[in-house]
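Read through the structure below, which is laid out as structure tokens, and then see the notes.
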Amino acid sequence: MLPRSSYERLCQSRFLSGFLVACFFFPLGCAGYLYLVNNLSVFSSMGFPVPDVFKIDSSFFRVFMNFQGALAYIMTALIGPSLIAPDLANNALPTYFSRPFSRTEYVVGKVSVLFILLSIITWIPGVILFFLQVSQAGSGWLSNNWFILRAIILGNLAWILILSLLSVALSAWVKWKVVAGALILGVFGIGAGLAGIINSILSTDYGSMIDISRIMYTIWSDQLNIDSQTGLEPFEAWTGFFAVCIICLLMLERKIRPKEIVR
Amino acid sequence: MSTPLDTVIQLDNLSVQLGSRLILNKLQVELKGRTIGLLGPNGAGKSTLINTLLGFYAPSSGTARVFGHDVHKETRYIRSLIGYMPENDSFIADMNAVTFIRMMGELSGLPPETALERAHECLFYVGLGEARYRKLGTYSLGMKQLAKLAQAIVHGPKLVILDEPTNGLDPPARRRMLKMIREMRDNAGMRIVLCSHLLRDVEDTCEEVIILKGGTIVHYADLEAERSANKRFVELETIGDDEGFAAAMEALGATCAMAGKGRWKMVLPAEFSFRELFRVATEKDLELRRLNYRKDTLEDIFLKAMTQ
């Protein structure tokens, strides 16, 4: 019920509907590019020079994931705050939780809205592109590059999870939609800034463990078997990832209550 | 501990501690009334008790049962039986009333079509039929109270907890709200818990009352029983020679006590007919200037409880 109600409210915004449609332009362009690259023989038969740089590999999919990931990030900042902040700002939680309905169900219901929308623009088109490539390049390409499919799904799910949790946790704390949206955008910049300061003062790379964008880039690169050059080991990136998720869950546990306990 | 089937709320040494503060201290009561009043000064623990019954707070010791079900262990089931009207505004301001109440109905387990139908019915019942497509944020205070009542009853609960339902209502709206509460009790068979600062509201609607102070129950009153008892206790003022009057009344089974010249207090026997009293007064050529039931108002009860 909660996701349906949230979708109904989101669909009333023309800007969001337009943005969602715009999110499919790049995957469509990628599909066109992928088709062309697999059919370069047509160009060579027409006498056009065909350079070697056109190839579909993990780098191509990393570009795709980076671009769609950035769109997912913007969409989260636009949608996320409107999911929980109004309930808290309007003190609606006692009314919700006086029903046969748990806090976990509430959070899962709200997060599922983001999960589905972000899936539509990230890993689902990614998987479609992957299989389009398989259909064009053949099973030989699949046996050499199956890990890309794993990277698309796992990497994007991790990204969606961290974005969703950050979004609902920050919205729950500030309660005001505009501020929550700004905070979601800012937390990446603040994290990156702090990470830079820590790294330069302590002459280390461990500071990057609080830089969420670097954490995700490392995880994606590792999944795609590409050197991330972020200074973070995959294990450290995953540690940072889980730490952020746990902090968000603790924030939600503290704030999503029918009544705030004044101790 | 077993609970009789007709018991609505049973508190058995219930204590609730929030942080280091003990808010409710060993509450022990069994409430069976169709309408139960919850009274007490600010900070007495009324809201904490309601929140505990709803499963928002866990008891630190003891148990609370609603219809025989432990509120801590069977929270989900109990919530399906309860409708809650909170004291403060508690809804999405930019949502219209039908959408909000339908959503609450669905969250209570109603199928979508039924929830929509019930939302319309409830809004018409509380008198918001014409305004049901308006955003809740545009409602007046009185309308918001009605919308809160509608969301509390949309799923047809067995028990409705009303926290200050007449707050902010003008006199006609207040009367209407109290009438609806009585109708819900008498026609829909709902049990009501009414938490209010307005003693008159509680007196008008409730059969049982508990008065809380400092986290403990300082008084329990079965208002129905007290009303029946009060009907047997009368106060009289007479003019004339009343010497033989008391003796004649005592011969009819009444117990009489003089409370000053020409002023009497009498406890009448059960099934006593007032015709007899007037007959005796006529026989003794006595003029009755005043005759009224003793009425121990809830205010008296409340003030007495507060001095304990």
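Residues are referred to by chain and number: the chain letter is A, B, ... according to the order shown in the structure tokens, the number counts from 1 in that chain, and ligands are numbered separately from 1 in the order shown.
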Self-check item: For Ile124 in chain A: contacts at 12 Å, only C-alpha atoms, fewer than 3 positions along chain excluded, given as a ChimeraX atom specification
Solution: /A:24,27,65,68,115-121,127-131,149,152-154,156-157
Write a file of the selected residues as a PDB file, in the first residue's frame, keeping N, CA, C and O atoms.
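Now in selection37.pdb:
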```pdb
ATOM      1  N   PHE A  24      16.421   7.386 -19.938  1.00  0.00           N
ATOM      2  CA  PHE A  24      16.549   6.284 -20.899  1.00  0.00           C
ATOM      3  C   PHE A  24      17.281   6.682 -22.175  1.00  0.00           C
ATOM      4  O   PHE A  24      17.564   5.840 -23.004  1.00  0.00           O
ATOM      5  N   PRO A  27      20.943   5.002 -22.191  1.00  0.00           N
ATOM      6  CA  PRO A  27      20.909   3.567 -22.534  1.00  0.00           C
ATOM      7  C   PRO A  27      20.527   3.326 -24.001  1.00  0.00           C
ATOM      8  O   PRO A  27      21.077   2.420 -24.651  1.00  0.00           O
ATOM      9  N   MET A  65      27.640   2.448 -16.327  1.00  0.00           N
ATOM     10  CA  MET A  65      27.252   2.428 -14.910  1.00  0.00           C
ATOM     11  C   MET A  65      27.499   3.782 -14.260  1.00  0.00           C
ATOM     12  O   MET A  65      26.704   4.248 -13.440  1.00  0.00           O
ATOM     13  N   GLN A  68      24.672   6.252 -15.629  1.00  0.00           N
ATOM     14  CA  GLN A  68      23.337   5.960 -15.080  1.00  0.00           C
ATOM     15  C   GLN A  68      23.349   6.077 -13.554  1.00  0.00           C
ATOM     16  O   GLN A  68      22.353   6.461 -12.940  1.00  0.00           O
ATOM     17  N   PHE A 115      13.939   1.767  -4.781  1.00  0.00           N
ATOM     18  CA  PHE A 115      14.582   0.578  -5.332  1.00  0.00           C
ATOM     19  C   PHE A 115      14.052   0.274  -6.734  1.00  0.00           C
ATOM     20  O   PHE A 115      14.825   0.022  -7.664  1.00  0.00           O
ATOM     21  N   ILE A 116      12.747   0.336  -6.874  1.00  0.00           N
ATOM     22  CA  ILE A 116      12.152  -0.006  -8.177  1.00  0.00           C
ATOM     23  C   ILE A 116      12.488   1.065  -9.221  1.00  0.00           C
ATOM     24  O   ILE A 116      12.925   0.752 -10.336  1.00  0.00           O
ATOM     25  N   LEU A 117      12.331   2.330  -8.844  1.00  0.00           N
ATOM     26  CA  LEU A 117      12.607   3.398  -9.816  1.00  0.00           C
ATOM     27  C   LEU A 117      14.078   3.407 -10.236  1.00  0.00           C
ATOM     28  O   LEU A 117      14.401   3.568 -11.419  1.00  0.00           O
ATOM     29  N   LEU A 118      14.969   3.236  -9.252  1.00  0.00           N
ATOM     30  CA  LEU A 118      16.399   3.259  -9.580  1.00  0.00           C
ATOM     31  C   LEU A 118      16.800   2.007 -10.363  1.00  0.00           C
ATOM     32  O   LEU A 118      17.685   2.077 -11.221  1.00  0.00           O
ATOM     33  N   SER A 119      16.141   0.901 -10.087  1.00  0.00           N
ATOM     34  CA  SER A 119      16.432  -0.315 -10.859  1.00  0.00           C
ATOM     35  C   SER A 119      16.084  -0.104 -12.332  1.00  0.00           C
ATOM     36  O   SER A 119      16.809  -0.548 -13.227  1.00  0.00           O
ATOM     37  N   ILE A 120      14.973   0.587 -12.559  1.00  0.00           N
ATOM     38  CA  ILE A 120      14.524   0.806 -13.943  1.00  0.00           C
ATOM     39  C   ILE A 120      15.552   1.590 -14.758  1.00  0.00           C
ATOM     40  O   ILE A 120      15.661   1.410 -15.971  1.00  0.00           O
ATOM     41  N   ILE A 121      16.307   2.453 -14.069  1.00  0.00           N
ATOM     42  CA  ILE A 121      17.264   3.269 -14.841  1.00  0.00           C
ATOM     43  C   ILE A 121      18.716   2.793 -14.704  1.00  0.00           C
ATOM     44  O   ILE A 121      19.610   3.361 -15.317  1.00  0.00           O
ATOM     45  N   VAL A 127      21.446  -4.783 -17.876  1.00  0.00           N
ATOM     46  CA  VAL A 127      21.306  -6.207 -18.217  1.00  0.00           C
ATOM     47  C   VAL A 127      20.806  -6.352 -19.660  1.00  0.00           C
ATOM     48  O   VAL A 127      21.279  -7.221 -20.410  1.00  0.00           O
ATOM     49  N   ILE A 128      19.891  -5.478 -20.044  1.00  0.00           N
ATOM     50  CA  ILE A 128      19.372  -5.544 -21.431  1.00  0.00           C
ATOM     51  C   ILE A 128      20.511  -5.279 -22.414  1.00  0.00           C
ATOM     52  O   ILE A 128      20.671  -5.994 -23.426  1.00  0.00           O
ATOM     53  N   LEU A 129      21.349  -4.277 -22.106  1.00  0.00           N
ATOM     54  CA  LEU A 129      22.496  -3.971 -22.977  1.00  0.00           C
ATOM     55  C   LEU A 129      23.445  -5.167 -23.047  1.00  0.00           C
ATOM     56  O   LEU A 129      23.959  -5.500 -24.122  1.00  0.00           O
ATOM     57  N   PHE A 130      23.660  -5.791 -21.896  1.00  0.00           N
ATOM     58  CA  PHE A 130      24.565  -6.945 -21.844  1.00  0.00           C
ATOM     59  C   PHE A 130      24.068  -8.054 -22.785  1.00  0.00           C
ATOM     60  O   PHE A 130      24.830  -8.595 -23.583  1.00  0.00           O
ATOM     61  N   PHE A 131      22.787  -8.348 -22.672  1.00  0.00           N
ATOM     62  CA  PHE A 131      22.263  -9.430 -23.509  1.00  0.00           C
ATOM     63  C   PHE A 131      22.144  -9.012 -24.980  1.00  0.00           C
ATOM     64  O   PHE A 131      22.229  -9.850 -25.867  1.00  0.00           O
ATOM     65  N   LEU A 149      28.100  -9.124 -16.265  1.00  0.00           N
ATOM     66  CA  LEU A 149      26.689  -9.231 -15.844  1.00  0.00           C
ATOM     67  C   LEU A 149      26.589  -9.162 -14.316  1.00  0.00           C
ATOM     68  O   LEU A 149      25.764  -8.441 -13.763  1.00  0.00           O
ATOM     69  N   ILE A 152      27.236  -5.625 -13.234  1.00  0.00           N
ATOM     70  CA  ILE A 152      26.098  -4.713 -13.488  1.00  0.00           C
ATOM     71  C   ILE A 152      25.047  -4.878 -12.394  1.00  0.00           C
ATOM     72  O   ILE A 152      24.563  -3.897 -11.822  1.00  0.00           O
ATOM     73  N   ILE A 153      24.731  -6.138 -12.093  1.00  0.00           N
ATOM     74  CA  ILE A 153      23.661  -6.379 -11.118  1.00  0.00           C
ATOM     75  C   ILE A 153      24.134  -6.044  -9.697  1.00  0.00           C
ATOM     76  O   ILE A 153      23.525  -5.227  -8.994  1.00  0.00           O
ATOM     77  N   LEU A 154      25.235  -6.657  -9.288  1.00  0.00           N
ATOM     78  CA  LEU A 154      25.701  -6.471  -7.913  1.00  0.00           C
ATOM     79  C   LEU A 154      26.099  -5.021  -7.652  1.00  0.00           C
ATOM     80  O   LEU A 154      25.729  -4.425  -6.631  1.00  0.00           O
ATOM     81  N   ASN A 156      25.207  -2.236  -9.204  1.00  0.00           N
ATOM     82  CA  ASN A 156      24.070  -1.299  -9.175  1.00  0.00           C
ATOM     83  C   ASN A 156      23.177  -1.528  -7.963  1.00  0.00           C
ATOM     84  O   ASN A 156      22.653  -0.562  -7.399  1.00  0.00           O
ATOM     85  N   LEU A 157      23.004  -2.793  -7.560  1.00  0.00           N
ATOM     86  CA  LEU A 157      22.183  -3.049  -6.363  1.00  0.00           C
ATOM     87  C   LEU A 157      22.834  -2.418  -5.135  1.00  0.00           C
ATOM     88  O   LEU A 157      22.153  -1.840  -4.275  1.00  0.00           O
TER      89      LEU A 157
END
```
Exercise. Would you kindly return, as a PyMOL selection string, each protein, DNA or RNA residue with an atom no farther than 12 Å from any atom of Phe19 in chain A, considering only C-alpha atoms and excluding same-chain residues fewer than 4 positions away?
Key: chain A and resi 10-11+13-15+23-25+71-72+74-76+78-79+117+121
For the selection just defined, write its residues with N, CA and C atoms to a file, as a compact mmCIF listing (two decimals), in the first residue's frame.
```
# COMPACT_ATOMS: atom_id res chain seq x y z
N LEU A 10 4.16 10.62 -6.67
CA LEU A 10 5.31 10.97 -7.51
C LEU A 10 4.88 11.22 -8.96
N CYS A 11 3.91 10.41 -9.40
CA CYS A 11 3.48 10.53 -10.80
C CYS A 11 2.77 11.85 -11.08
N SER A 13 4.01 14.62 -10.47
CA SER A 13 5.03 15.60 -10.83
C SER A 13 5.48 15.37 -12.29
N ARG A 14 5.21 16.36 -13.11
CA ARG A 14 5.60 16.24 -14.52
C ARG A 14 7.12 16.25 -14.66
N PHE A 15 7.78 17.03 -13.80
CA PHE A 15 9.23 17.13 -13.90
C PHE A 15 9.87 15.76 -13.66
N CYS A 23 16.14 9.67 -18.48
CA CYS A 23 17.14 8.70 -18.01
C CYS A 23 17.33 7.54 -18.99
N PHE A 24 16.42 7.39 -19.94
CA PHE A 24 16.55 6.28 -20.90
C PHE A 24 17.28 6.68 -22.18
N PHE A 25 17.57 7.98 -22.31
CA PHE A 25 18.26 8.43 -23.54
C PHE A 25 19.64 7.80 -23.67
N LEU A 71 22.76 9.61 -12.72
CA LEU A 71 21.33 9.95 -12.86
C LEU A 71 20.53 9.39 -11.67
N ALA A 72 20.90 8.19 -11.24
CA ALA A 72 20.22 7.58 -10.09
C ALA A 72 20.42 8.45 -8.85
N ILE A 74 20.92 11.72 -8.78
CA ILE A 74 20.08 12.92 -8.89
C ILE A 74 18.61 12.57 -8.60
N MET A 75 18.19 11.43 -9.15
CA MET A 75 16.80 11.03 -8.93
C MET A 75 16.54 10.78 -7.44
N THR A 76 17.51 10.20 -6.77
CA THR A 76 17.36 9.96 -5.33
C THR A 76 17.19 11.27 -4.58
N LEU A 78 15.96 13.91 -5.72
CA LEU A 78 14.66 14.50 -6.05
C LEU A 78 13.51 13.77 -5.37
N ILE A 79 13.60 12.44 -5.35
CA ILE A 79 12.46 11.64 -4.87
C ILE A 79 12.57 11.29 -3.39
N LEU A 117 12.33 2.33 -8.84
CA LEU A 117 12.61 3.40 -9.82
C LEU A 117 14.08 3.41 -10.24
N ILE A 121 16.31 2.45 -14.07
CA ILE A 121 17.26 3.27 -14.84
C ILE A 121 18.72 2.79 -14.70
```
Exercise. Skip Asn167 in chain B itself and residues of its chain fewer than 4 positions away, then list as a ChimeraX atom specification all residues within 10 Å of it, counting only C-alpha atoms.
Key: /B:87-88,141-142,145,163,174,196-198
Under the rule of at most 7 Å, produce a per-residue listing of chain A near chain B: chain, number, name, the closest pair of atoms, and the distance in Å, as a tab-separated table, using only C-alpha atoms.
```
residue	atom	partner	partner_atom	distance
A:Met1	CA	B:Glu106	CA	6.8
A:Pro86	CA	B:Ile92	CA	6.7
A:Asp87	CA	B:Ile92	CA	6.3
A:Asn90	CA	B:Ile92	CA	5.7
A:Asn91	CA	B:Ser90	CA	5.0
A:Ala92	CA	B:Ser90	CA	4.3
A:Thr95	CA	B:Ser90	CA	6.2
A:Ser98	CA	B:Arg79	CA	5.9
A:Arg99	CA	B:Arg79	CA	5.2
A:Pro100	CA	B:Arg76	CA	4.6
A:Phe101	CA	B:Arg76	CA	6.9
A:Pro258	CA	B:Phe56	CA	6.3
A:Lys259	CA	B:Phe56	CA	6.9
A:Ile261	CA	B:Leu18	CA	6.9
A:Arg263	CA	B:Gly19	CA	4.8
```
Self-check item: Within 12 Å of Ser59 in chain A using only C-alpha atoms, minus same-chain residues under 6 positions, as a list in words
Solution: Val53, Met65, Asn66, Asn145, Ile148, Ala151, Ile152, Trp220, Ser221, Asp222, Gln223, Leu224, Asn225, Ile226, Asp227 and Ser228 of chain A
Write the residues of the selection above to a file with N, CA, C and O atoms, as a PDB file, in the first residue's frame.
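The resulting file, again-v1.pdb, is reproduced below:
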```
ATOM      1  N   VAL A  53      39.682   1.118 -31.670  1.00  0.00           N
ATOM      2  CA  VAL A  53      39.224   1.526 -30.324  1.00  0.00           C
ATOM      3  C   VAL A  53      37.767   1.157 -30.066  1.00  0.00           C
ATOM      4  O   VAL A  53      37.335   1.091 -28.931  1.00  0.00           O
ATOM      5  N   MET A  65      27.640   2.448 -16.327  1.00  0.00           N
ATOM      6  CA  MET A  65      27.252   2.428 -14.910  1.00  0.00           C
ATOM      7  C   MET A  65      27.499   3.782 -14.260  1.00  0.00           C
ATOM      8  O   MET A  65      26.704   4.248 -13.440  1.00  0.00           O
ATOM      9  N   ASN A  66      28.611   4.418 -14.614  1.00  0.00           N
ATOM     10  CA  ASN A  66      28.912   5.739 -14.036  1.00  0.00           C
ATOM     11  C   ASN A  66      27.832   6.750 -14.417  1.00  0.00           C
ATOM     12  O   ASN A  66      27.361   7.511 -13.583  1.00  0.00           O
ATOM     13  N   ASN A 145      33.154 -12.740 -20.751  1.00  0.00           N
ATOM     14  CA  ASN A 145      32.750 -11.502 -20.056  1.00  0.00           C
ATOM     15  C   ASN A 145      31.542 -11.684 -19.138  1.00  0.00           C
ATOM     16  O   ASN A 145      30.889 -10.708 -18.777  1.00  0.00           O
ATOM     17  N   ILE A 148      30.829  -9.356 -16.234  1.00  0.00           N
ATOM     18  CA  ILE A 148      30.246  -8.011 -16.424  1.00  0.00           C
ATOM     19  C   ILE A 148      28.780  -8.024 -15.973  1.00  0.00           C
ATOM     20  O   ILE A 148      28.312  -7.069 -15.334  1.00  0.00           O
ATOM     21  N   ALA A 151      28.747  -7.812 -12.369  1.00  0.00           N
ATOM     22  CA  ALA A 151      29.112  -6.450 -11.941  1.00  0.00           C
ATOM     23  C   ALA A 151      27.947  -5.483 -12.118  1.00  0.00           C
ATOM     24  O   ALA A 151      27.695  -4.624 -11.256  1.00  0.00           O
ATOM     25  N   ILE A 152      27.236  -5.625 -13.234  1.00  0.00           N
ATOM     26  CA  ILE A 152      26.098  -4.713 -13.488  1.00  0.00           C
ATOM     27  C   ILE A 152      25.047  -4.878 -12.394  1.00  0.00           C
ATOM     28  O   ILE A 152      24.563  -3.897 -11.822  1.00  0.00           O
ATOM     29  N   TRP A 220      32.740  -0.975  -8.126  1.00  0.00           N
ATOM     30  CA  TRP A 220      32.369  -1.243  -9.523  1.00  0.00           C
ATOM     31  C   TRP A 220      33.581  -1.694 -10.336  1.00  0.00           C
ATOM     32  O   TRP A 220      33.510  -2.651 -11.104  1.00  0.00           O
ATOM     33  N   SER A 221      34.682  -0.968 -10.155  1.00  0.00           N
ATOM     34  CA  SER A 221      35.891  -1.296 -10.930  1.00  0.00           C
ATOM     35  C   SER A 221      36.352  -2.704 -10.596  1.00  0.00           C
ATOM     36  O   SER A 221      36.749  -3.474 -11.491  1.00  0.00           O
ATOM     37  N   ASP A 222      36.288  -3.026  -9.288  1.00  0.00           N
ATOM     38  CA  ASP A 222      36.713  -4.374  -8.878  1.00  0.00           C
ATOM     39  C   ASP A 222      35.822  -5.432  -9.519  1.00  0.00           C
ATOM     40  O   ASP A 222      36.313  -6.446 -10.017  1.00  0.00           O
ATOM     41  N   GLN A 223      34.532  -5.178  -9.517  1.00  0.00           N
ATOM     42  CA  GLN A 223      33.601  -6.138 -10.107  1.00  0.00           C
ATOM     43  C   GLN A 223      33.831  -6.284 -11.616  1.00  0.00           C
ATOM     44  O   GLN A 223      33.622  -7.354 -12.175  1.00  0.00           O
ATOM     45  N   LEU A 224      34.261  -5.172 -12.236  1.00  0.00           N
ATOM     46  CA  LEU A 224      34.468  -5.196 -13.691  1.00  0.00           C
ATOM     47  C   LEU A 224      35.911  -5.574 -14.072  1.00  0.00           C
ATOM     48  O   LEU A 224      36.297  -5.488 -15.241  1.00  0.00           O
ATOM     49  N   ASN A 225      36.686  -5.963 -13.047  1.00  0.00           N
ATOM     50  CA  ASN A 225      38.097  -6.357 -13.261  1.00  0.00           C
ATOM     51  C   ASN A 225      38.918  -5.229 -13.882  1.00  0.00           C
ATOM     52  O   ASN A 225      39.748  -5.453 -14.771  1.00  0.00           O
ATOM     53  N   ILE A 226      38.681  -4.020 -13.436  1.00  0.00           N
ATOM     54  CA  ILE A 226      39.445  -2.858 -13.907  1.00  0.00           C
ATOM     55  C   ILE A 226      40.111  -2.233 -12.690  1.00  0.00           C
ATOM     56  O   ILE A 226      39.512  -2.184 -11.606  1.00  0.00           O
ATOM     57  N   ASP A 227      41.318  -1.722 -12.894  1.00  0.00           N
ATOM     58  CA  ASP A 227      42.011  -1.048 -11.787  1.00  0.00           C
ATOM     59  C   ASP A 227      41.298   0.278 -11.505  1.00  0.00           C
ATOM     60  O   ASP A 227      41.145   1.113 -12.399  1.00  0.00           O
ATOM     61  N   SER A 228      40.890   0.482 -10.257  1.00  0.00           N
ATOM     62  CA  SER A 228      40.110   1.692  -9.935  1.00  0.00           C
ATOM     63  C   SER A 228      40.991   2.919  -9.777  1.00  0.00           C
ATOM     64  O   SER A 228      40.549   4.047 -10.014  1.00  0.00           O
TER      65      SER A 228
END
```
Practice problem: DSSP on the backbone, then: every residue of range 46-183 of chain B marked alpha helix (DSSP H), written as a ChimeraX atom specification. | Solution: /B:46-53,75-81,97-107,112-126,141-153,171-183
Practice problem: Determine, counting only C-alpha atoms, which protein, DNA and RNA residues have an atom within 12 Å of an atom of range 211-215 of chain A; residues of the same chain fewer than 5 positions away are not included. Present the result as an MDAnalysis selection string. | Solution: chainID A and resid 66 69:70 73 155 158:159 162:163 166 184:199 205:206 220:222 228:245
